[in-house]
Amino acid sequence: MSAKDGFETSLLNLMFNNVAVSGVGDSGGLLGSSSPGNLYVALYTVTPSDAAQGTECDYIGYARRPVSRNGGFVISGNNASNAAAITFGQCLSGDTDTAVAFTINLGSATGVDDAILWGALSSNLDISVGVTPEFAIGDLDINVD
Amino acid sequence: MAGSKKDAFETSILQHIFQNMAVSGIGDSTGLPAGTAGSLYVALFTADPSDSAQGTETSYTNYDRKAVARSAAGWTVTAGAASNAAAITFAQCGTTGATLTGFAICKGGTTGTNDQIYWGTLSSNLTVSTGVTPEFAIGALVVNED
């Protein structure tokens with residue numbers, strides 16, 4: 001069984017842009033949250049999986065980055081991507097990390113297991129003092145099928 | 001880079017779609033709320049739909065889409081899969097039959113309307129002639145999220 005293209009787009013719009021999916025159950029359909037709020041992007045030194053949490057970065061200066069569910073993501077077909085650059089804190093001192101993966105999370109607290117989506121980075125990123133990790137516009141791709 | 005849904009989120013999304021359960025924590029603490037439960041509607045096809053194409057819904061005599069409640073009574077959701085919790089029994093075929101090849105889960109109950117959200121092929125074609133009553137046994141209609 002496969003989801004229809006139009007429904008995939010609708011679900012992405014619900015998750016990332018808080019747009020209701022009309023017609024499911026009644027005309028109002030699957031409703032958005034009362035406030036759009038944010039999703040939070042995190043970086044990992046050990047890749048998560050569908051079932052496992054992985055290990056989140058903890059370099060000095062690191063924090064999850066909020067992305068608004070109101071214009072923060074671009075939805076096209078079965079793809080969601082970041083509408084603006086996502087810039088993490090600059091690595092300041094002490095421990096360094098090698099980032100290998102990312103997650104999209106419900107909340108902002110580092111280390112909390114509340115990811116809804118995960119993915120591997122296209123190449124590892126060594127984060128040493130002075131480095132500022134960033135996803136350029138459109139670099140964070142989520143595909144559903 | 002591309003992402004993959006976490007197992008728990010796959011289950012939450014299926015519960016939201018098929019059982020009208022809220023998905024807490026998205027946007028705010030309440031998250032995506034439950035709405036009016038209503039029903040989803042199962043349809044049968046003589047030409048398979050695709051992700052983008054409507055296909056051809058059957059029109060055998062007496063055929064109608066079947067409503068399945070968006071609740072635990074209608075659908076069972078476990079670990080990334082939703083399936084029918086009770087048998088889904090279509091109307092018995094009258095004069096004019098058909099050969100069924102596919103099915104869809106739709107938003108509404110009106111035959112021929114292009115409002116599918118999921119589609120699939122039958123494990124084998126079903127020839128429906130006078131007196132035949134198509135049915136999905138309990139658990140026979142499965143939707144997987146991955």
# chains A, B, ... in the order shown; residues from 1 in each chain; ligands from 1
$ closest_atom_pairs --of "chain B" --to "chain A" --cutoff "6 Å" --atoms "only C-alpha atoms" --output "tab-separated table"
residue	atom	partner	partner_atom	distance
B:Met1	CA	A:Ser122	CA	5.5
B:Ala2	CA	A:Asp141	CA	5.0
B:Gly3	CA	A:Gly119	CA	4.2
B:Ser4	CA	A:Trp118	CA	5.4
B:Lys5	CA	A:Leu117	CA	4.3
B:Lys6	CA	A:Asp50	CA	4.2
B:Asp7	CA	A:Asp50	CA	5.0
B:Phe9	CA	A:Ile116	CA	5.4
B:Gly25	CA	A:Leu106	CA	5.8
B:Ile26	CA	A:Leu106	CA	5.7
B:Gly27	CA	A:Gly37	CA	4.0
B:Gly31	CA	A:Ser33	CA	5.0
B:Leu32	CA	A:Ser33	CA	4.7
B:Thr36	CA	A:Gly25	CA	5.7
B:Ala37	CA	A:Gly25	CA	5.1
B:Gly38	CA	A:Gly25	CA	4.1
B:Ser39	CA	A:Gly25	CA	5.3
B:Asp51	CA	A:Lys4	CA	4.3
B:Ser52	CA	A:Asp5	CA	5.7
B:Lys107	CA	A:Val24	CA	5.3
B:Ile117	CA	A:Lys4	CA	5.2
B:Tyr118	CA	A:Ala3	CA	4.3
B:Trp119	CA	A:Met1	CA	5.5
B:Gly120	CA	A:Met1	CA	4.2
B:Val143	CA	A:Met1	CA	5.8
$ residues_around --residues "Ser12 of chain B" --least-positions-apart "2" --cutoff "10 Å" --atoms "only C-alpha atoms" --output "compact mmCIF listing (two decimals) with C-alpha atoms, in the first residue's frame"
# COMPACT_ATOMS: atom_id res chain seq x y z
CA ILE A 116 10.40 12.60 14.94
CA LYS B 6 11.35 7.59 13.77
CA ASP B 7 9.40 4.43 14.61
CA ALA B 8 7.37 6.07 17.35
CA PHE B 9 6.41 8.98 15.11
CA GLU B 10 5.26 6.61 12.37
CA LEU B 14 -1.03 6.39 11.83
CA GLN B 15 -2.97 6.76 15.09
CA HIS B 16 -3.73 10.36 14.12
CA ILE B 17 -4.99 9.41 10.67
CA PHE B 18 -6.79 6.17 11.48
CA GLN B 19 -7.83 6.54 15.12
CA MET B 21 -5.64 10.41 18.31
CA ALA B 22 -3.72 13.60 19.03
CA VAL B 23 0.00 13.85 18.30
CA SER B 24 1.25 15.71 21.35
CA VAL B 77 -2.43 0.46 14.85
CA THR B 78 0.75 -1.23 16.01
CA ALA B 79 4.40 -0.40 15.34
CA GLY B 80 4.10 1.51 12.11
$ residues_around --residues "Asn114 of chain B" --least-positions-apart "2" --cutoff "7 Å" --atoms "only C-alpha atoms" --output "ChimeraX atom specification"
/B:54,112,116
$ write_last_selection --atoms "all heavy atoms" --output "mmCIF file, in the first residue's frame"
data_model
loop_
_atom_site.group_PDB
_atom_site.id
_atom_site.type_symbol
_atom_site.label_atom_id
_atom_site.label_comp_id
_atom_site.auth_asym_id
_atom_site.auth_seq_id
_atom_site.Cartn_x
_atom_site.Cartn_y
_atom_site.Cartn_z
ATOM 1 N N GLN B 54 -5.813 8.328 -10.560
ATOM 2 C CA GLN B 54 -7.024 7.940 -9.839
ATOM 3 C C GLN B 54 -7.379 6.468 -10.017
ATOM 4 O O GLN B 54 -7.967 5.857 -9.125
ATOM 5 C CB GLN B 54 -8.199 8.811 -10.308
ATOM 6 C CG GLN B 54 -9.488 8.579 -9.534
ATOM 7 C CD GLN B 54 -10.605 9.513 -9.955
ATOM 8 O OE1 GLN B 54 -10.421 10.367 -10.816
ATOM 9 N NE2 GLN B 54 -11.760 9.371 -9.341
ATOM 10 N N GLY B 112 -16.376 7.157 -7.167
ATOM 11 C CA GLY B 112 -15.865 7.889 -8.317
ATOM 12 C C GLY B 112 -15.165 9.186 -7.992
ATOM 13 O O GLY B 112 -14.522 9.778 -8.868
ATOM 14 N N GLN B 116 -8.619 9.885 -2.689
ATOM 15 C CA GLN B 116 -7.867 8.819 -2.036
ATOM 16 C C GLN B 116 -6.705 9.387 -1.220
ATOM 17 O O GLN B 116 -6.097 10.389 -1.599
ATOM 18 C CB GLN B 116 -7.287 7.866 -3.085
ATOM 19 C CG GLN B 116 -8.309 7.284 -4.036
ATOM 20 C CD GLN B 116 -7.667 6.866 -5.355
ATOM 21 O OE1 GLN B 116 -6.466 6.687 -5.442
ATOM 22 N NE2 GLN B 116 -8.476 6.713 -6.376
#
$ select_by_dssp --residues "segment 1-145 of chain B" --states "alpha helix (DSSP H)" --output "list in words"
Asp7, Ala8, Phe9, Glu10, Thr11, Ser12, Ile13, Leu14, Gln15, His16, Ile17, Phe18 and Gln19 of chain B
$ atom_distance --atom1 "atom CA of Glu57 of chain B" --atom2 "atom CA of Leu141 of chain B"
17.3 Å
$ closest_residue --among "A:Leu92, A:Ala99, A:Ile60, A:Ile75" --to "Thr9 of chain A" --atoms "only C-alpha atoms"
A:Ile75
$ atom_distance --atom1 "atom CA of Ala140 of chain B" --atom2 "atom CA of Gly94 of chain B"
24.4 Å
$ atom_distance --atom1 "atom CA of Ile137 of chain A" --atom2 "atom CA of Gly61 of chain A"
21.9 Å
$ decode --residues "segment 74-105 of chain A" --atoms "N, CA, C and O atoms" --output "mmCIF file, in the first residue's frame"
data_model
loop_
_atom_site.group_PDB
_atom_site.id
_atom_site.type_symbol
_atom_site.label_atom_id
_atom_site.label_comp_id
_atom_site.auth_asym_id
_atom_site.auth_seq_id
_atom_site.Cartn_x
_atom_site.Cartn_y
_atom_site.Cartn_z
ATOM 1 N N VAL A 74 9.943 24.778 3.475
ATOM 2 C CA VAL A 74 9.342 24.808 2.138
ATOM 3 C C VAL A 74 8.886 23.391 1.804
ATOM 4 O O VAL A 74 9.670 22.438 1.930
ATOM 5 N N ILE A 75 7.644 23.251 1.392
ATOM 6 C CA ILE A 75 7.098 21.949 1.017
ATOM 7 C C ILE A 75 6.889 21.939 -0.483
ATOM 8 O O ILE A 75 6.243 22.842 -1.039
ATOM 9 N N SER A 76 7.417 20.911 -1.134
ATOM 10 C CA SER A 76 7.232 20.759 -2.581
ATOM 11 C C SER A 76 7.109 19.282 -2.882
ATOM 12 O O SER A 76 8.053 18.517 -2.639
ATOM 13 N N GLY A 77 5.955 18.888 -3.380
ATOM 14 C CA GLY A 77 5.740 17.469 -3.631
ATOM 15 C C GLY A 77 5.865 16.679 -2.344
ATOM 16 O O GLY A 77 5.197 16.995 -1.359
ATOM 17 N N ASN A 78 6.740 15.684 -2.345
ATOM 18 C CA ASN A 78 6.906 14.873 -1.132
ATOM 19 C C ASN A 78 8.169 15.273 -0.369
ATOM 20 O O ASN A 78 8.733 14.469 0.362
ATOM 21 N N ASN A 79 8.582 16.518 -0.528
ATOM 22 C CA ASN A 79 9.824 16.987 0.086
ATOM 23 C C ASN A 79 9.592 18.215 0.970
ATOM 24 O O ASN A 79 8.865 19.121 0.596
ATOM 25 N N ALA A 80 10.237 18.203 2.128
ATOM 26 C CA ALA A 80 10.282 19.384 2.987
ATOM 27 C C ALA A 80 11.741 19.787 3.148
ATOM 28 O O ALA A 80 12.607 18.927 3.310
ATOM 29 N N SER A 81 12.009 21.085 3.088
ATOM 30 C CA SER A 81 13.382 21.561 3.275
ATOM 31 C C SER A 81 13.356 22.880 4.019
ATOM 32 O O SER A 81 12.320 23.546 4.106
ATOM 33 N N ASN A 82 14.512 23.272 4.540
ATOM 34 C CA ASN A 82 14.590 24.501 5.332
ATOM 35 C C ASN A 82 14.529 25.737 4.437
ATOM 36 O O ASN A 82 15.270 25.840 3.458
ATOM 37 N N ALA A 83 13.680 26.684 4.814
ATOM 38 C CA ALA A 83 13.475 27.896 4.003
ATOM 39 C C ALA A 83 14.541 28.947 4.250
ATOM 40 O O ALA A 83 14.717 29.853 3.434
ATOM 41 N N ALA A 84 15.228 28.833 5.360
ATOM 42 C CA ALA A 84 16.306 29.773 5.686
ATOM 43 C C ALA A 84 17.474 28.962 6.239
ATOM 44 O O ALA A 84 17.303 27.805 6.639
ATOM 45 N N ALA A 85 18.637 29.557 6.261
ATOM 46 C CA ALA A 85 19.798 28.867 6.824
ATOM 47 C C ALA A 85 19.539 28.531 8.296
ATOM 48 O O ALA A 85 18.902 29.313 9.021
ATOM 49 N N ILE A 86 20.015 27.372 8.710
ATOM 50 C CA ILE A 86 19.917 26.961 10.114
ATOM 51 C C ILE A 86 21.333 26.981 10.670
ATOM 52 O O ILE A 86 22.166 26.148 10.308
ATOM 53 N N THR A 87 21.608 27.944 11.537
ATOM 54 C CA THR A 87 22.977 28.176 12.017
ATOM 55 C C THR A 87 23.074 27.816 13.490
ATOM 56 O O THR A 87 22.371 28.390 14.325
ATOM 57 N N PHE A 88 23.945 26.872 13.791
ATOM 58 C CA PHE A 88 24.148 26.444 15.177
ATOM 59 C C PHE A 88 25.174 27.358 15.857
ATOM 60 O O PHE A 88 25.830 28.180 15.202
ATOM 61 N N GLY A 89 25.303 27.177 17.157
ATOM 62 C CA GLY A 89 26.273 27.959 17.901
ATOM 63 C C GLY A 89 27.698 27.622 17.494
ATOM 64 O O GLY A 89 28.009 26.471 17.147
ATOM 65 N N GLN A 90 28.541 28.607 17.534
ATOM 66 C CA GLN A 90 29.958 28.413 17.224
ATOM 67 C C GLN A 90 30.619 27.590 18.340
ATOM 68 O O GLN A 90 30.325 27.778 19.519
ATOM 69 N N CYS A 91 31.474 26.682 17.926
ATOM 70 C CA CYS A 91 32.230 25.893 18.908
ATOM 71 C C CYS A 91 33.233 26.813 19.600
ATOM 72 O O CYS A 91 34.067 27.444 18.945
ATOM 73 N N LEU A 92 33.151 26.875 20.922
ATOM 74 C CA LEU A 92 33.905 27.893 21.648
ATOM 75 C C LEU A 92 35.206 27.385 22.235
ATOM 76 O O LEU A 92 36.240 28.018 22.100
ATOM 77 N N SER A 93 35.137 26.249 22.896
ATOM 78 C CA SER A 93 36.346 25.769 23.550
ATOM 79 C C SER A 93 36.124 24.339 24.000
ATOM 80 O O SER A 93 35.025 23.809 23.886
ATOM 81 N N GLY A 94 37.165 23.736 24.521
ATOM 82 C CA GLY A 94 37.033 22.417 25.125
ATOM 83 C C GLY A 94 36.732 21.339 24.119
ATOM 84 O O GLY A 94 37.361 21.288 23.055
ATOM 85 N N ASP A 95 35.754 20.466 24.452
ATOM 86 C CA ASP A 95 35.455 19.311 23.617
ATOM 87 C C ASP A 95 35.091 19.730 22.197
ATOM 88 O O ASP A 95 34.417 20.740 21.984
ATOM 89 N N THR A 96 35.541 18.941 21.262
ATOM 90 C CA THR A 96 35.104 19.105 19.876
ATOM 91 C C THR A 96 34.282 17.886 19.494
ATOM 92 O O THR A 96 34.322 16.858 20.171
ATOM 93 N N ASP A 97 33.526 18.004 18.428
ATOM 94 C CA ASP A 97 32.647 16.921 17.975
ATOM 95 C C ASP A 97 32.841 16.681 16.488
ATOM 96 O O ASP A 97 33.227 17.600 15.750
ATOM 97 N N THR A 98 32.526 15.471 16.078
ATOM 98 C CA THR A 98 32.357 15.195 14.651
ATOM 99 C C THR A 98 30.890 14.885 14.417
ATOM 100 O O THR A 98 30.377 13.859 14.893
ATOM 101 N N ALA A 99 30.185 15.789 13.738
ATOM 102 C CA ALA A 99 28.759 15.606 13.485
ATOM 103 C C ALA A 99 28.577 14.676 12.289
ATOM 104 O O ALA A 99 29.237 14.848 11.250
ATOM 105 N N VAL A 100 27.702 13.696 12.451
ATOM 106 C CA VAL A 100 27.469 12.702 11.399
ATOM 107 C C VAL A 100 26.009 12.645 10.967
ATOM 108 O O VAL A 100 25.699 12.053 9.925
ATOM 109 N N ALA A 101 25.120 13.236 11.780
ATOM 110 C CA ALA A 101 23.686 13.080 11.497
ATOM 111 C C ALA A 101 22.905 14.214 12.129
ATOM 112 O O ALA A 101 23.446 15.002 12.911
ATOM 113 N N PHE A 102 21.639 14.276 11.789
ATOM 114 C CA PHE A 102 20.754 15.297 12.369
ATOM 115 C C PHE A 102 19.413 14.661 12.727
ATOM 116 O O PHE A 102 19.079 13.563 12.241
ATOM 117 N N THR A 103 18.669 15.352 13.574
ATOM 118 C CA THR A 103 17.280 14.970 13.824
ATOM 119 C C THR A 103 16.415 16.219 13.840
ATOM 120 O O THR A 103 16.913 17.337 14.008
ATOM 121 N N ILE A 104 15.131 16.012 13.661
ATOM 122 C CA ILE A 104 14.134 17.060 13.871
ATOM 123 C C ILE A 104 13.308 16.629 15.076
ATOM 124 O O ILE A 104 12.825 15.497 15.128
ATOM 125 N N ASN A 105 13.202 17.536 16.022
ATOM 126 C CA ASN A 105 12.671 17.183 17.342
ATOM 127 C C ASN A 105 11.467 18.039 17.723
ATOM 128 O O ASN A 105 11.261 19.136 17.192
#
